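A.B. asks: The structure file target31.pdb (PDB, C-alpha atoms) is provided below.
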MODEL        1
ATOM      1  CA  MET E 124     -42.593 -11.646 -46.929
ATOM      2  CA  THR E 125     -43.381 -14.645 -44.748
ATOM      3  CA  PRO E 126     -43.292 -13.584 -41.093
ATOM      4  CA  LEU E 127     -40.980 -15.239 -38.613
ATOM      5  CA  ILE E 128     -43.380 -14.660 -35.707
ATOM      6  CA  SER E 129     -47.177 -14.800 -35.660
ATOM      7  CA  VAL E 130     -48.755 -13.061 -32.664
ATOM      8  CA  LEU E 131     -52.177 -14.283 -31.535
ATOM      9  CA  LEU E 132     -54.220 -11.427 -30.089
ATOM     10  CA  PRO E 133     -57.678 -12.732 -29.149
ATOM     11  CA  THR E 134     -60.413 -10.434 -27.882
ATOM     12  CA  VAL E 135     -64.104 -10.812 -27.103
ATOM     13  CA  ARG E 136     -64.609  -7.136 -26.231
ATOM     14  CA  PRO E 137     -65.454  -4.174 -28.448
ATOM     15  CA  TRP E 138     -63.039  -1.470 -29.521
ATOM     16  CA  PRO E 139     -61.072   0.196 -27.962
ATOM     17  CA  GLU E 140     -60.320  -2.588 -25.427
ATOM     18  CA  VAL E 141     -57.626  -4.095 -27.616
ATOM     19  CA  SER E 142     -56.242  -0.804 -28.979
ATOM     20  CA  SER E 143     -53.374  -0.335 -26.490
ATOM     21  CA  SER E 144     -52.242  -3.912 -26.870
ATOM     22  CA  LEU E 145     -52.329  -3.698 -30.657
ATOM     23  CA  ALA E 146     -50.454  -0.382 -30.659
ATOM     24  CA  SER E 147     -47.705  -1.837 -28.472
ATOM     25  CA  LEU E 148     -47.225  -4.696 -30.945
ATOM     26  CA  LEU E 149     -47.036  -2.388 -33.924
ATOM     27  CA  SER E 150     -44.411  -0.259 -32.134
ATOM     28  CA  GLN E 151     -41.871  -3.053 -31.744
ATOM     29  CA  ALA E 152     -38.242  -2.018 -32.212
ATOM     30  CA  ALA E 153     -35.673  -4.155 -34.060
ATOM     31  CA  ALA E 154     -38.286  -6.894 -34.443
ATOM     32  CA  PRO E 155     -38.001  -9.712 -36.962
ATOM     33  CA  PRO E 156     -40.738  -9.909 -39.631
ATOM     34  CA  PHE E 157     -44.042 -10.548 -37.856
ATOM     35  CA  GLU E 158     -47.793 -10.607 -38.258
ATOM     36  CA  VAL E 159     -50.548  -9.895 -35.738
ATOM     37  CA  LEU E 160     -53.651 -12.062 -35.946
ATOM     38  CA  LEU E 161     -56.388  -9.939 -34.368
ATOM     39  CA  LEU E 162     -58.839 -12.666 -33.425
ATOM     40  CA  ASP E 163     -62.139 -10.890 -32.907
ATOM     41  CA  GLY E 164     -64.813 -12.840 -31.063
ATOM     42  CA  HIS E 165     -66.913  -9.701 -30.628
ATOM     43  CA  GLY E 166     -67.116  -9.061 -34.353
ATOM     44  CA  GLU E 167     -66.707  -5.289 -34.222
ATOM     45  CA  THR E 168     -63.379  -4.808 -32.493
ATOM     46  CA  LEU E 169     -62.237  -2.304 -35.121
ATOM     47  CA  ALA E 170     -64.229   0.580 -36.540
ATOM     48  CA  ALA E 171     -62.596  -0.030 -39.908
ATOM     49  CA  PRO E 172     -60.264  -2.665 -41.387
ATOM     50  CA  PRO E 173     -56.633  -2.167 -40.296
ATOM     51  CA  THR E 174     -54.367  -0.386 -42.756
ATOM     52  CA  ASP E 175     -51.137  -1.871 -41.402
ATOM     53  CA  PRO E 176     -50.342  -4.902 -43.593
ATOM     54  CA  ARG E 177     -48.932  -6.738 -40.575
ATOM     55  CA  VAL E 178     -52.405  -6.957 -38.995
ATOM     56  CA  HIS E 179     -54.837  -9.643 -40.108
ATOM     57  CA  TRP E 180     -58.331  -9.143 -38.714
ATOM     58  CA  LEU E 181     -60.193 -12.420 -38.294
ATOM     59  CA  ARG E 182     -63.800 -11.835 -37.267
ATOM     60  CA  LEU E 183     -65.350 -14.825 -35.495
ATOM     61  CA  PRO E 184     -68.390 -13.390 -33.652
ATOM     62  CA  GLY E 185     -69.543 -15.436 -30.686
ATOM     63  CA  SER E 186     -66.277 -17.353 -30.329
ATOM     64  CA  ASP E 187     -64.664 -17.626 -26.919
ATOM     65  CA  THR E 188     -60.962 -17.065 -26.258
ATOM     66  CA  PHE E 189     -60.144 -20.777 -26.537
ATOM     67  CA  SER E 190     -61.803 -21.051 -29.957
ATOM     68  CA  LEU E 191     -60.088 -17.854 -31.086
ATOM     69  CA  ARG E 192     -56.638 -19.141 -30.133
ATOM     70  CA  ALA E 193     -57.295 -22.422 -31.956
ATOM     71  CA  ALA E 194     -58.340 -20.487 -35.068
ATOM     72  CA  GLY E 195     -55.252 -18.298 -34.759
ATOM     73  CA  VAL E 196     -52.923 -21.284 -34.543
ATOM     74  CA  ALA E 197     -54.503 -22.703 -37.699
ATOM     75  CA  ALA E 198     -54.130 -19.391 -39.582
ATOM     76  CA  ALA E 199     -50.618 -18.488 -38.365
ATOM     77  CA  ARG E 200     -47.828 -18.437 -40.950
ATOM     78  CA  GLY E 201     -44.818 -17.779 -38.730
ATOM     79  CA  ALA E 202     -42.267 -20.370 -37.633
ATOM     80  CA  ILE E 203     -42.874 -19.110 -34.089
ATOM     81  CA  ILE E 204     -46.319 -18.440 -32.638
ATOM     82  CA  ALA E 205     -46.584 -16.032 -29.699
ATOM     83  CA  VAL E 206     -49.653 -15.476 -27.529
ATOM     84  CA  SER E 207     -50.750 -12.207 -25.964
ATOM     85  CA  GLU E 208     -54.090 -10.889 -24.662
ATOM     86  CA  ASP E 209     -56.186  -7.821 -25.381
ATOM     87  CA  HIS E 210     -55.220  -6.265 -22.021
ATOM     88  CA  CYS E 211     -51.464  -6.893 -22.239
ATOM     89  CA  ILE E 212     -48.875  -4.284 -23.179
ATOM     90  CA  ALA E 213     -45.745  -5.517 -24.968
ATOM     91  CA  PRO E 214     -42.468  -3.700 -24.281
ATOM     92  CA  ALA E 215     -40.676  -2.481 -27.402
ATOM     93  CA  ASP E 216     -38.291  -5.458 -27.394
ATOM     94  CA  TRP E 217     -40.873  -8.203 -26.805
ATOM     95  CA  LEU E 218     -40.727  -9.786 -30.261
ATOM     96  CA  ALA E 219     -36.945  -9.402 -30.497
ATOM     97  CA  SER E 220     -36.605 -11.163 -27.137
ATOM     98  CA  ILE E 221     -38.879 -14.004 -28.275
ATOM     99  CA  ASP E 222     -36.748 -14.447 -31.391
ATOM    100  CA  ALA E 223     -33.572 -14.527 -29.281
ATOM    101  CA  ALA E 224     -35.090 -16.978 -26.781
ATOM    102  CA  HIS E 225     -36.024 -19.489 -29.481
ATOM    103  CA  ARG E 226     -32.637 -19.173 -31.171
ATOM    104  CA  THR E 227     -30.851 -20.170 -27.962
ATOM    105  CA  ASP E 228     -33.386 -22.527 -26.343
ATOM    106  CA  PRO E 229     -34.246 -25.811 -28.113
ATOM    107  CA  ALA E 230     -37.423 -26.131 -26.007
ATOM    108  CA  LEU E 231     -40.579 -26.499 -28.086
ATOM    109  CA  ALA E 232     -42.315 -23.751 -26.113
ATOM    110  CA  VAL E 233     -40.981 -20.888 -24.023
ATOM    111  CA  VAL E 234     -42.755 -19.141 -21.146
ATOM    112  CA  GLY E 235     -41.814 -15.547 -20.428
ATOM    113  CA  THR E 236     -42.175 -13.250 -17.433
ATOM    114  CA  THR E 237     -45.471 -11.465 -16.811
ATOM    115  CA  VAL E 238     -45.430  -8.197 -14.871
ATOM    116  CA  ASN E 239     -48.453  -6.593 -13.225
ATOM    117  CA  HIS E 240     -49.124  -3.216 -14.826
ATOM    118  CA  PRO E 241     -49.350  -0.245 -12.389
ATOM    119  CA  ASP E 242     -52.989   0.304 -13.421
ATOM    120  CA  SER E 243     -53.956  -3.108 -12.007
ATOM    121  CA  ALA E 244     -51.764  -2.828  -8.901
ATOM    122  CA  THR E 245     -53.901  -0.240  -7.112
ATOM    123  CA  SER E 246     -56.727  -2.617  -6.127
ATOM    124  CA  ALA E 247     -56.230  -5.511  -3.690
ATOM    125  CA  MET E 248     -58.630  -7.693  -5.699
ATOM    126  CA  ASP E 249     -56.790  -6.972  -8.942
ATOM    127  CA  ARG E 250     -53.468  -7.748  -7.255
ATOM    128  CA  ALA E 251     -54.930 -11.031  -6.021
ATOM    129  CA  ASN E 252     -56.151 -11.783  -9.550
ATOM    130  CA  PHE E 253     -52.618 -11.300 -10.858
ATOM    131  CA  LEU E 254     -51.054 -13.391  -8.089
ATOM    132  CA  LEU E 255     -53.350 -16.386  -8.543
ATOM    133  CA  THR E 256     -53.191 -16.231 -12.346
ATOM    134  CA  PHE E 257     -49.421 -15.822 -12.626
ATOM    135  CA  ALA E 258     -48.067 -17.649  -9.568
ATOM    136  CA  GLY E 259     -44.535 -18.715 -10.436
ATOM    137  CA  GLN E 260     -44.694 -16.921 -13.783
ATOM    138  CA  ASN E 261     -43.767 -13.366 -12.795
ATOM    139  CA  GLN E 262     -40.711 -11.170 -12.340
ATOM    140  CA  ASN E 263     -40.100 -12.410  -8.780
ATOM    141  CA  ARG E 264     -40.313 -16.105  -9.631
ATOM    142  CA  LEU E 265     -40.326 -17.757 -13.031
ATOM    143  CA  ASP E 266     -40.561 -21.426 -12.133
ATOM    144  CA  LEU E 267     -42.407 -24.082 -14.109
ATOM    145  CA  GLY E 268     -41.707 -26.483 -11.270
ATOM    146  CA  VAL E 269     -44.677 -25.148  -9.317
ATOM    147  CA  ARG E 270     -46.715 -28.131 -10.584
ATOM    148  CA  ARG E 271     -49.285 -26.248 -12.596
ATOM    149  CA  LEU E 272     -49.810 -25.587 -16.271
ATOM    150  CA  PRO E 273     -48.456 -22.201 -17.365
ATOM    151  CA  VAL E 274     -50.946 -19.546 -18.385
ATOM    152  CA  PRO E 275     -50.754 -19.173 -22.189
ATOM    153  CA  THR E 276     -50.215 -15.423 -21.830
ATOM    154  CA  ASN E 277     -46.615 -14.656 -22.879
ATOM    155  CA  LEU E 278     -46.197 -18.166 -24.233
ATOM    156  CA  SER E 279     -44.430 -18.725 -27.555
ATOM    157  CA  PHE E 280     -43.841 -21.988 -29.351
ATOM    158  CA  LYS E 281     -42.285 -23.362 -32.498
ATOM    159  CA  ARG E 282     -45.014 -24.096 -35.016
ATOM    160  CA  ALA E 283     -43.172 -27.239 -36.139
ATOM    161  CA  ALA E 284     -43.826 -28.670 -32.660
ATOM    162  CA  LEU E 285     -47.598 -28.657 -33.125
ATOM    163  CA  PRO E 286     -49.430 -31.907 -33.835
ATOM    164  CA  ALA E 287     -50.375 -32.562 -37.451
ATOM    165  CA  ALA E 288     -54.081 -32.455 -36.644
ATOM    166  CA  ARG E 289     -55.690 -29.094 -35.949
ATOM    167  CA  LEU E 290     -55.921 -28.276 -32.256
ATOM    168  CA  ALA E 291     -59.446 -28.217 -30.856
ATOM    169  CA  PRO E 292     -60.541 -25.248 -28.686
ATOM    170  CA  GLY E 293     -58.951 -25.666 -25.261
ATOM    171  CA  GLU E 294     -56.523 -28.352 -26.386
ATOM    172  CA  LEU E 295     -53.576 -25.956 -26.616
ATOM    173  CA  GLU E 296     -54.126 -24.568 -23.117
ATOM    174  CA  TYR E 297     -54.756 -27.890 -21.368
ATOM    175  CA  GLN E 298     -53.824 -31.179 -23.042
ATOM    176  CA  TRP E 299     -51.001 -29.917 -25.309
ATOM    177  CA  LEU E 300     -49.258 -27.833 -22.645
ATOM    178  CA  ALA E 301     -49.640 -30.701 -20.169
ATOM    179  CA  LYS E 302     -48.010 -33.056 -22.673
ATOM    180  CA  LEU E 303     -45.082 -30.659 -23.178
ATOM    181  CA  SER E 304     -44.707 -30.294 -19.417
ATOM    182  CA  ARG E 305     -44.544 -34.056 -18.906
ATOM    183  CA  ARG E 306     -41.878 -34.256 -21.628
ATOM    184  CA  SER E 307     -39.869 -31.398 -20.047
ATOM    185  CA  ALA E 308     -40.255 -29.570 -23.371
ATOM    186  CA  LEU E 309     -41.201 -26.229 -21.792
ATOM    187  CA  GLY E 310     -38.481 -23.616 -21.383
ATOM    188  CA  VAL E 311     -38.450 -20.312 -19.508
ATOM    189  CA  SER E 312     -36.934 -16.966 -20.414
ATOM    190  CA  PRO E 313     -36.936 -14.106 -17.870
ATOM    191  CA  LEU E 314     -35.909 -11.731 -20.678
ATOM    192  CA  VAL E 315     -39.241 -12.152 -22.498
ATOM    193  CA  VAL E 316     -41.425  -9.714 -20.562
ATOM    194  CA  LEU E 317     -45.097  -8.794 -21.023
ATOM    195  CA  HIS E 318     -47.106  -6.290 -18.951
ATOM    196  CA  HIS E 319     -50.516  -7.482 -17.761
ATOM    197  CA  ARG E 320     -53.122  -4.726 -17.329
ATOM    198  CA  GLN E 321     -56.368  -6.279 -16.152
ATOM    199  CA  CYS E 322     -58.762  -4.504 -13.815
ATOM    200  CA  TRP E 323     -61.634  -6.849 -12.889
ATOM    201  CA  GLY E 324     -62.346  -5.405  -9.436
ATOM    202  CA  ARG E 325     -65.407  -7.012  -7.862
ATOM    203  CA  ALA E 326     -65.933  -9.168 -10.969
ATOM    204  CA  ALA E 327     -62.710 -11.117 -10.273
ATOM    205  CA  PRO E 328     -64.363 -13.891  -8.187
ATOM    206  CA  ARG E 329     -66.835 -14.608 -11.012
ATOM    207  CA  VAL E 330     -63.983 -14.737 -13.513
ATOM    208  CA  HIS E 331     -61.989 -17.184 -11.369
ATOM    209  CA  LEU E 332     -65.098 -19.305 -10.871
ATOM    210  CA  ALA E 333     -65.399 -19.451 -14.682
ATOM    211  CA  SER E 334     -61.667 -20.127 -15.075
ATOM    212  CA  GLY E 335     -61.825 -22.968 -12.575
ATOM    213  CA  ARG E 336     -64.896 -24.434 -14.233
ATOM    214  CA  SER E 337     -63.224 -24.306 -17.649
ATOM    215  CA  PHE E 338     -60.205 -26.209 -16.333
ATOM    216  CA  GLY E 339     -62.331 -28.634 -14.312
ATOM    217  CA  ALA E 340     -64.233 -29.536 -17.472
ATOM    218  CA  SER E 341     -60.960 -30.655 -19.070
ATOM    219  CA  ILE E 342     -60.638 -33.292 -16.320
ATOM    220  CA  ARG E 343     -63.720 -35.007 -17.748
ATOM    221  CA  GLN E 344     -61.642 -35.945 -20.815
ATOM    222  CA  SER E 345     -59.124 -37.874 -18.714
ATOM    223  CA  ARG E 346     -59.169 -41.603 -18.087
ATOM    224  CA  ARG E 347     -61.524 -42.780 -15.349
ATOM    225  CA  ARG E 348     -58.593 -43.661 -13.097
ATOM    226  CA  ASP E 349     -57.102 -40.183 -13.478
ATOM    227  CA  GLN E 350     -60.479 -38.580 -12.841
ATOM    228  CA  LEU E 351     -60.814 -40.560  -9.610
ATOM    229  CA  LYS E 352     -57.338 -39.495  -8.471
ATOM    230  CA  TRP E 353     -58.244 -35.869  -9.200
ATOM    231  CA  TRP E 354     -61.454 -36.054  -7.155
ATOM    232  CA  LEU E 355     -59.638 -37.693  -4.239
ATOM    233  CA  ALA E 356     -57.052 -34.893  -4.272
ATOM    234  CA  LEU E 357     -59.653 -32.111  -4.563
ATOM    235  CA  PRO E 358     -59.933 -31.460  -0.780
ATOM    236  CA  THR E 359     -56.244 -30.480  -0.731
ATOM    237  CA  LEU E 360     -56.542 -28.135  -3.715
ATOM    238  CA  PRO E 361     -57.062 -24.927  -1.678
ATOM    239  CA  LEU E 362     -53.868 -25.632   0.251
ATOM    240  CA  ARG E 363     -51.954 -26.455  -2.918
ATOM    241  CA  LEU E 364     -53.069 -23.215  -4.584
ATOM    242  CA  ALA E 365     -52.187 -21.241  -1.466
ATOM    243  CA  ARG E 366     -48.699 -22.745  -1.464
ATOM    244  CA  LEU E 367     -48.286 -21.576  -5.058
ATOM    245  CA  VAL E 368     -49.432 -18.031  -4.402
ATOM    246  CA  VAL E 369     -48.075 -17.206  -0.931
ATOM    247  CA  PRO E 370     -44.386 -16.857  -1.969
ATOM    248  CA  ASP E 371     -45.344 -14.273  -4.598
ATOM    249  CA  LEU E 372     -47.727 -12.541  -2.189
ATOM    250  CA  LEU E 373     -45.003 -12.190   0.450
ATOM    251  CA  GLN E 374     -42.528 -10.858  -2.108
ATOM    252  CA  GLY E 375     -44.927  -8.239  -3.443
ATOM    253  CA  ALA E 376     -44.939  -9.684  -6.966
ATOM    254  CA  ALA E 377     -48.225  -7.921  -7.794
ATOM    255  CA  GLY E 378     -46.769  -4.481  -7.117
ATOM    256  CA  ALA E 379     -47.495  -4.065  -3.412
ATOM    257  CA  GLY E 380     -46.352  -5.653  -0.179
ATOM    258  CA  PRO E 381     -48.523  -8.240   1.618
ATOM    259  CA  SER E 382     -51.452  -7.027   3.681
ATOM    260  CA  PRO E 383     -54.451  -8.664   5.376
ATOM    261  CA  LYS E 384     -56.679  -7.282   2.610
ATOM    262  CA  ASP E 385     -54.516  -8.846  -0.103
ATOM    263  CA  ALA E 386     -54.505 -12.183   1.731
ATOM    264  CA  LEU E 387     -58.307 -12.096   2.077
ATOM    265  CA  CYS E 388     -58.743 -11.356  -1.632
ATOM    266  CA  VAL E 389     -56.370 -14.186  -2.557
ATOM    267  CA  ALA E 390     -58.349 -16.579  -0.323
ATOM    268  CA  THR E 391     -61.601 -15.442  -1.958
ATOM    269  CA  LEU E 392     -60.289 -16.121  -5.459
ATOM    270  CA  ILE E 393     -58.859 -19.494  -4.457
ATOM    271  CA  ALA E 394     -62.266 -20.481  -3.069
ATOM    272  CA  ALA E 395     -63.957 -19.349  -6.291
ATOM    273  CA  ASN E 396     -61.463 -21.257  -8.430
ATOM    274  CA  VAL E 397     -61.796 -24.475  -6.429
ATOM    275  CA  CYS E 398     -65.606 -24.318  -6.566
ATOM    276  CA  GLY E 399     -65.388 -23.724 -10.300
ATOM    277  CA  GLN E 400     -63.082 -26.699 -10.824
ATOM    278  CA  ALA E 401     -65.425 -28.998  -8.931
ATOM    279  CA  LEU E 402     -68.413 -27.709 -10.896
ATOM    280  CA  GLY E 403     -66.655 -28.117 -14.231
ATOM    281  CA  ALA E 404     -65.451 -31.618 -13.428
ATOM    282  CA  ALA E 405     -68.953 -32.591 -12.343
ATOM    283  CA  ILE E 406     -71.139 -31.130 -15.094
ATOM    284  CA  GLY E 407     -68.896 -29.543 -17.741
ATOM    285  CA  PRO E 408     -67.839 -26.016 -18.752
ATOM    286  CA  GLY E 409     -71.268 -24.541 -19.396
ATOM    287  CA  SER E 410     -70.766 -20.961 -20.643
ATOM    288  CA  SER E 411     -67.644 -20.422 -18.517
ATOM    289  CA  ARG E 412     -65.237 -20.030 -21.453
ATOM    290  CA  ARG E 413     -67.218 -17.111 -22.837
ATOM    291  CA  ARG E 414     -66.364 -15.153 -19.672
ATOM    292  CA  LEU E 415     -62.592 -15.463 -19.964
TER     293      LEU E 415
ENDMDL
END
What's the C-alpha cells form of this structure?
C.D. replies:
Amino acid sequence: MTPLISVLLPTVRPWPEVSSSLASLLSQAAAPPFEVLLLDGHGETLAAPPTDPRVHWLRLPGSDTFSLRAAGVAAARGAIIAVSEDHCIAPADWLASIDAAHRTDPALAVVGTTVNHPDSATSAMDRANFLLTFAGQNQNRLDLGVRRLPVPTNLSFKRAALPAARLAPGELEYQWLAKLSRRSALGVSPLVVLHHRQCWGRAAPRVHLASGRSFGASIRQSRRRDQLKWWLALPTLPLRLARLVVPDLLQGAAGAGPSPKDALCVATLIAANVCGQALGAAIGPGSSRRRL
C-alpha cells in the first residue's frame, strides 16, 4: 500500500539515540497509512534491520542532517512529507493531526507546535536552547510573522509542492522555505504537536555557533546586493533575535518562568549564533552542518 505520509527521521548518532523517537512513530493511533524513512548518517543506528515494514532504513554514513533530509525527500513516497528529529517524541495523534491539517489547509507546508519535553526543561541552558530554536513556534506562540524561517522540525508539506528538480542539501531548510514564506504559502496548525527532548547542556553554545554558521553560509548564495544588505543589518541582529525570544522567555514557554540565569543563557546562545552567522557568511559553512 502506498503511504499517505512519509516521515523523515534523520540521525547522525548511534543507537539507541533514535529509539524513543522511532517507537513513538510506530505507536501512532488512528493514523493514515505511513512510512518512516530512518535516515542514518551514522551508519549503525540499528543493531539489526527493522522488522516493521513501515520503516525503511537508509544508511548514508558520513552524511549530515541536511544531506539526510534531502535524500529522504527524494526517497519519500507519500503525498505528504513530515519532518521529525531523532530526539523528538510524537504524541499518539501526531500523524492523524497532520493528515487533518492538510485536508483543511490549502497551504503548501504546515508548521506545527513544538513543546519542550520535561527532560530538557530542568537545565537553564537547555531551556535557552529551546527558546532560541523555537521562538514563535511553540505552545505559547505559534506565529510565522516573527520574520524568521521556521525550524523544519514539525514541518509537513505536500510533495506535489516540491520543485521538479531534486533539492540540494540545505535547500529545503533555507531557500525553499524562504520562497514559501515570501509567497505566504506557509500555514500553521496548533493541533499538530511534537515534543522536543534535547539536552545539550554546556555544548549548546557550540551547537548554536554551528547553526548560525550553517545559516550564514546560505547568505553567500544570495545576490551581491542582498548580501550587502545582510551585512549592513548584522549589527542589529542580536537585538532582533532578543525581540523574538523575550516574549517566549517571559511566558515560560520552555517549561519554567523567567530568571536571571535563563536570560544569561539566552544571551550567550544569541551571541554564539550571531558570531556563527558572521563566520558562515564570511568564509562558508566549514564542518558546521555535521554538528547539527
A.B. asks: Using only the atoms of region 388-405 of chain E listed in the file, plus 3 Å on each side, state the axis-aligned box centre and edge lengths in Å rounded to one decimal, as lines of an AutoDock Vina configuration file.
C.D. replies:
center_x = -62.7
center_y = -22.0
center_z = -7.3
size_x = 18.6
size_y = 27.2
size_z = 19.9
A.B. asks: Need the shell around Ser190 (chain E): protein/DNA/RNA residues with any atom at most 8 Å away, counting all atoms listed in the file. Skip same-chain ones fewer than 4 positions apart. Format as a list in words?
C.D. replies: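 Residues near the query, excluding close chain neighbours: Ser186, Ala194, Ala291, Pro292 and Gly293 of chain E.
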A.B. asks: List, as a PyMOL selection string, every residue that the PyMOL selection byres ((chain E and resi 146-157) around 6) selects in the file provided.
C.D. replies: chain E and resi 126-129+143-145+158+212-213+215-216+218-219
A.B. asks: Using only C-alpha atoms, which residues sit within 10 Å of Asp385 (chain E) once same-chain residues fewer than 2 positions away are excluded, as a list in words?
C.D. replies: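 Counting only the stated atoms, we get Ser246, Ala247, Met248, Asp249, Arg250, Ala251, Leu254, Leu372, Ala377, Ala379, Gly380, Pro381, Ser382, Pro383, Leu387, Cys388, Val389, Ala390 and Thr391 of chain E.
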A.B. asks: With the PyMOL selection byres ((chain E and resi 400) around 7) as the selection, what would be picked from this file? Answer as a VMD selection string, please.
C.D. replies: chain E and resid 335 to 336 338 to 339 396 to 399 401 to 404
A.B. asks: Got time to write the residues from that selection, C-alpha atoms, as a PDB file, in the frame of the given file?
C.D. replies:
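Result file is part-v5.pdb:
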ATOM      1  CA  GLY E 335     -61.825 -22.968 -12.575  1.00  0.00           C
ATOM      2  CA  ARG E 336     -64.896 -24.434 -14.233  1.00  0.00           C
ATOM      3  CA  PHE E 338     -60.205 -26.209 -16.333  1.00  0.00           C
ATOM      4  CA  GLY E 339     -62.331 -28.634 -14.312  1.00  0.00           C
ATOM      5  CA  ASN E 396     -61.463 -21.257  -8.430  1.00  0.00           C
ATOM      6  CA  VAL E 397     -61.796 -24.475  -6.429  1.00  0.00           C
ATOM      7  CA  CYS E 398     -65.606 -24.318  -6.566  1.00  0.00           C
ATOM      8  CA  GLY E 399     -65.388 -23.724 -10.300  1.00  0.00           C
ATOM      9  CA  ALA E 401     -65.425 -28.998  -8.931  1.00  0.00           C
ATOM     10  CA  LEU E 402     -68.413 -27.709 -10.896  1.00  0.00           C
ATOM     11  CA  GLY E 403     -66.655 -28.117 -14.231  1.00  0.00           C
ATOM     12  CA  ALA E 404     -65.451 -31.618 -13.428  1.00  0.00           C
TER      13      ALA E 404
END
A.B. asks: If the PyMOL selection byres ((chain E and resi 310-317) around 6) is run on the structure shown, which residues does it catch, given as a PyMOL selection string?
C.D. replies: chain E and resi 213+220+230+233-237+309+318
A.B. asks: Identify which of the residues E:Leu367, E:Ala232, E:Leu362, E:Leu132 lies closest to Arg306 (chain E), counting all atoms listed in the file when measuring atom-to-atom distances.
C.D. replies: E:Ala232
A.B. asks: So how far away is CA of Gln298 (chain E) from CA of Leu267 (chain E), in Å?
C.D. replies: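 Interatomic distance, CA of Leu267 (chain E) to CA of Gln298 (chain E): 16.1 Å.
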A.B. asks: Quick one: of E:Arg329, E:Arg343, E:Arg264, E:Arg192, who's nearest to Glu296 (chain E), counting all atoms listed in the file?
C.D. replies: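 For Glu296 (chain E), the nearest of the candidates is E:Arg192.
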A.B. asks: Quick one: pull the distance between CA of Arg320 (chain E) and CA of Ser334 (chain E), Å, one decimal.
C.D. replies: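 Value for the CA of Arg320 (chain E)-CA of Ser334 (chain E) distance: 17.8 Å.
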A.B. asks: What's around Thr188 (chain E) at 12 Å? Count only C-alpha atoms, leave out sequence neighbours fewer than 2 positions away in its own chain, and write the answer as a PDB file with C-alpha atoms, keeping the file's coordinate frame.
C.D. replies:
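The resulting file, selection_24.pdb, is shown below:
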ATOM      1  CA  LEU E 131     -52.177 -14.283 -31.535  1.00  0.00           C
ATOM      2  CA  LEU E 132     -54.220 -11.427 -30.089  1.00  0.00           C
ATOM      3  CA  PRO E 133     -57.678 -12.732 -29.149  1.00  0.00           C
ATOM      4  CA  THR E 134     -60.413 -10.434 -27.882  1.00  0.00           C
ATOM      5  CA  VAL E 135     -64.104 -10.812 -27.103  1.00  0.00           C
ATOM      6  CA  ARG E 136     -64.609  -7.136 -26.231  1.00  0.00           C
ATOM      7  CA  LEU E 161     -56.388  -9.939 -34.368  1.00  0.00           C
ATOM      8  CA  LEU E 162     -58.839 -12.666 -33.425  1.00  0.00           C
ATOM      9  CA  ASP E 163     -62.139 -10.890 -32.907  1.00  0.00           C
ATOM     10  CA  GLY E 164     -64.813 -12.840 -31.063  1.00  0.00           C
ATOM     11  CA  HIS E 165     -66.913  -9.701 -30.628  1.00  0.00           C
ATOM     12  CA  LEU E 183     -65.350 -14.825 -35.495  1.00  0.00           C
ATOM     13  CA  PRO E 184     -68.390 -13.390 -33.652  1.00  0.00           C
ATOM     14  CA  GLY E 185     -69.543 -15.436 -30.686  1.00  0.00           C
ATOM     15  CA  SER E 186     -66.277 -17.353 -30.329  1.00  0.00           C
ATOM     16  CA  SER E 190     -61.803 -21.051 -29.957  1.00  0.00           C
ATOM     17  CA  LEU E 191     -60.088 -17.854 -31.086  1.00  0.00           C
ATOM     18  CA  ARG E 192     -56.638 -19.141 -30.133  1.00  0.00           C
ATOM     19  CA  ALA E 193     -57.295 -22.422 -31.956  1.00  0.00           C
ATOM     20  CA  ALA E 194     -58.340 -20.487 -35.068  1.00  0.00           C
ATOM     21  CA  GLY E 195     -55.252 -18.298 -34.759  1.00  0.00           C
ATOM     22  CA  VAL E 206     -49.653 -15.476 -27.529  1.00  0.00           C
ATOM     23  CA  SER E 207     -50.750 -12.207 -25.964  1.00  0.00           C
ATOM     24  CA  GLU E 208     -54.090 -10.889 -24.662  1.00  0.00           C
ATOM     25  CA  ASP E 209     -56.186  -7.821 -25.381  1.00  0.00           C
ATOM     26  CA  PRO E 275     -50.754 -19.173 -22.189  1.00  0.00           C
ATOM     27  CA  THR E 276     -50.215 -15.423 -21.830  1.00  0.00           C
ATOM     28  CA  PRO E 292     -60.541 -25.248 -28.686  1.00  0.00           C
ATOM     29  CA  GLY E 293     -58.951 -25.666 -25.261  1.00  0.00           C
ATOM     30  CA  LEU E 295     -53.576 -25.956 -26.616  1.00  0.00           C
ATOM     31  CA  GLU E 296     -54.126 -24.568 -23.117  1.00  0.00           C
ATOM     32  CA  SER E 334     -61.667 -20.127 -15.075  1.00  0.00           C
ATOM     33  CA  SER E 337     -63.224 -24.306 -17.649  1.00  0.00           C
ATOM     34  CA  SER E 410     -70.766 -20.961 -20.643  1.00  0.00           C
ATOM     35  CA  SER E 411     -67.644 -20.422 -18.517  1.00  0.00           C
ATOM     36  CA  ARG E 412     -65.237 -20.030 -21.453  1.00  0.00           C
ATOM     37  CA  ARG E 413     -67.218 -17.111 -22.837  1.00  0.00           C
ATOM     38  CA  ARG E 414     -66.364 -15.153 -19.672  1.00  0.00           C
ATOM     39  CA  LEU E 415     -62.592 -15.463 -19.964  1.00  0.00           C
TER      40      LEU E 415
END
A.B. asks: Go through E:Ser307, E:Ser142, E:Thr174, E:Thr125 one by one, measure the shortest atom-to-atom distance of each to Leu231 (chain E) using all atoms listed in the file, and give the residue with the smallest value.
C.D. replies: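 Result for the nearest residue to Leu231 (chain E): E:Ser307.
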A.B. asks: Work out how far apart CA of Ser279 (chain E) and CA of Leu300 (chain E) are and give it in Å to one decimal.
C.D. replies: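 Between CA of Ser279 (chain E) and CA of Leu300 (chain E) the gap is 11.4 Å.
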A.B. asks: Tell me which of E:Arg348, E:Arg200, E:Lys384, E:His240 sits closest to His319 (chain E), counting all atoms listed in the file.
C.D. replies: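 Comparing E:Arg348, E:Arg200, E:Lys384, E:His240 against His319 (chain E), the winner is E:His240.
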A.B. asks: Check the smallest atom-to-atom distance from each of E:Ala284, E:Leu373, E:Ile203, E:Val238 to Phe253 (chain E) using all atoms listed in the file, then report the winner.
C.D. replies: E:Val238
A.B. asks: Measuring atom to atom with all atoms listed in the file, identify which of E:Gly378, E:Ala224, E:Val130, E:Val196 is nearest to Pro286 (chain E).
C.D. replies: E:Val196
